[in-house]
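**Q** I have a structure I would like to understand better, so I am pasting it below and will then ask my questions one at a time.
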Amino acid sequence: TEYSTAIDMWSFGCVLAELLVGRPLFPGESSSRQLAAVARVLGLPSDQDMADMKVNMSAPLRDAAAPSLEEGWEPLRRANAPPEAIDLLSKVLVFAPQKRLTPLECLAHPFFDSLRSSSLRLPDSRPLPPLFALTAEEVAWGRELDVLHRVLPSQ
């Protein structure tokens with residue numbers, strides 16, 4: 001597997017889901033159990049998903065996940081996760097890495113809108129530290145993706 005930020009976006013999604021639900025979204029002590037847990041939420045990966053992930057999964061491993069009852073995002077709904085959080089997770093917890101949101105697209109998601117508010121304060125009433133101090137490279141990338149106007153707070 002080639003490393004890219006898409007791997008980090010999957011990890012981010014797993015961490016965010018765990019924070020929202022209070023437990024891992026994809027628990028599993030073995031590859032087949034982990035895949036079954038993923039399949040309960042996302043369904044089984046298609047052959048194209050497998051090719052996109054550059055994974056050569058054995059048929060027995062994939063078949064082991066097949067009997068899972070798909071529950072989709074229901075665990076998050078039961079945990080009263082905000083709809084924006086579920087929407088964000090549905091865009092980063094995607095099998096095909098190239099279909100996941102990029103980090104800047106993720107920051108532009110409405111889930112993070114409250115962080116762009118100039119009135120938002122820390123519990124001790126101090127203003128938030130600069131959260132959107134992007135590098136020149138990130139600014140250029142944001143312009144290229146046409147998301148910079150949604151990432152940066154309004155001045």
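Identifiers for the structure tokens are assigned positionally: chains receive A, B, ... in sequence, residues are indexed from 1 per chain, and ligands are indexed from 1 in the order shown.
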Hey, what's within 12 Å of Leu107 in chain A if we count only C-alpha atoms and toss same-chain stuff fewer than 6 positions away? As a list in words, please?

**A**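 Once the adjacent positions are removed, what remains is Met9, Phe12, Leu88, Val92, Leu101, Asp113, Ser114, Leu115, Arg116, Leu131, Phe132, Leu134, Glu138, Gly142, Val147, Leu148, His149, Arg150, Val151, Leu152 and Pro153 of chain A.
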
**Q** Kindly indicate which residue among A:Trp141, A:Phe111, A:Tyr3, A:Trp73 lies nearest to Ala39 in chain A, using only C-alpha atoms for the distances.

**A**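 Of all the options, A:Trp73 lies closest to Ala39 in chain A.
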
**Q** For the structure I just gave you, how does DSSP split range 1-45 of chain A - specifically, which residues are helix (DSSP H, G or I)? Reply as a list of chain:residue names.

**A**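 DSSP on the backbone gives helix (DSSP H, G or I) at A:Thr5, A:Ala6, A:Ile7, A:Asp8, A:Met9, A:Trp10, A:Ser11, A:Phe12, A:Gly13, A:Cys14, A:Val15, A:Leu16, A:Ala17, A:Glu18, A:Leu19, A:Leu20, A:Val21, A:Ser31, A:Ser32, A:Arg33, A:Gln34, A:Leu35, A:Ala36, A:Ala37, A:Val38, A:Ala39, A:Arg40, A:Val41, A:Leu42.
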
**Q** Leaving out Asp87 in chain A and any residue of its chain fewer than 4 positions from it, which residues lie within 12 Å of it when counting only C-alpha atoms, given as a list in words?

**A**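 Those residues are Gly13, Ala17, Trp73, Leu76, Arg77, Ala81, Pro82, Pro83, Lys91, Val92, Leu93, Val94, Leu101, Cys106, His109, Pro110, Phe111 and Phe112 of chain A.
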
**Q** For the residues selected in the previous step, produce a file with C-alpha atoms as a PDB file, in the first residue's frame.

**A**
ATOM      1  CA  GLY A  13     -12.616   9.274  10.414  1.00  0.00           C
ATOM      2  CA  ALA A  17     -16.306   8.195  15.014  1.00  0.00           C
ATOM      3  CA  TRP A  73     -24.446   4.949  10.229  1.00  0.00           C
ATOM      4  CA  LEU A  76     -23.711   7.239  15.191  1.00  0.00           C
ATOM      5  CA  ARG A  77     -27.371   8.184  15.058  1.00  0.00           C
ATOM      6  CA  ALA A  81     -23.958  12.405  16.565  1.00  0.00           C
ATOM      7  CA  PRO A  82     -24.661  15.656  14.725  1.00  0.00           C
ATOM      8  CA  PRO A  83     -25.862  15.139  11.133  1.00  0.00           C
ATOM      9  CA  LYS A  91     -17.028  11.285   2.983  1.00  0.00           C
ATOM     10  CA  VAL A  92     -13.800  10.192   4.694  1.00  0.00           C
ATOM     11  CA  LEU A  93     -14.660   6.598   5.586  1.00  0.00           C
ATOM     12  CA  VAL A  94     -14.796   5.550   1.948  1.00  0.00           C
ATOM     13  CA  LEU A 101     -12.108  14.114   1.097  1.00  0.00           C
ATOM     14  CA  CYS A 106     -12.380  18.144   5.149  1.00  0.00           C
ATOM     15  CA  HIS A 109     -16.862  20.786   5.560  1.00  0.00           C
ATOM     16  CA  PRO A 110     -19.766  22.362   7.494  1.00  0.00           C
ATOM     17  CA  PHE A 111     -18.897  20.194  10.522  1.00  0.00           C
ATOM     18  CA  PHE A 112     -16.061  22.650  11.208  1.00  0.00           C
TER      19      PHE A 112
END

**Q** Can you measure CA of Pro97 in chain A to CA of Ala79 in chain A for me? One decimal in Å is fine.

**A**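 Distance between the two atoms: 26.8 Å.
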
**Q** So which one's closest to Ala36 in chain A, A:Ser90, A:Glu105, A:Glu71, A:Leu128? Using only C-alpha atoms, please.

**A**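 Using only C-alpha atoms, Ala36 in chain A sits closest to A:Glu71.
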
**Q** May I ask which of the residues A:Ala96, A:Leu89, A:Val41, A:Ala51 is the closest one to Cys14 in chain A, counting only C-alpha atoms?

**A**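 Of all the options, A:Leu89 lies closest to Cys14 in chain A.
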
**Q** Compare A:Gly28, A:Glu137, A:Pro103, A:Phe95 by their minimum atom-to-atom distance to Gln48 in chain A, counting only C-alpha atoms, and give me the closest one.

**A**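 Using only C-alpha atoms, the shortest distance to Gln48 in chain A belongs to A:Phe95.
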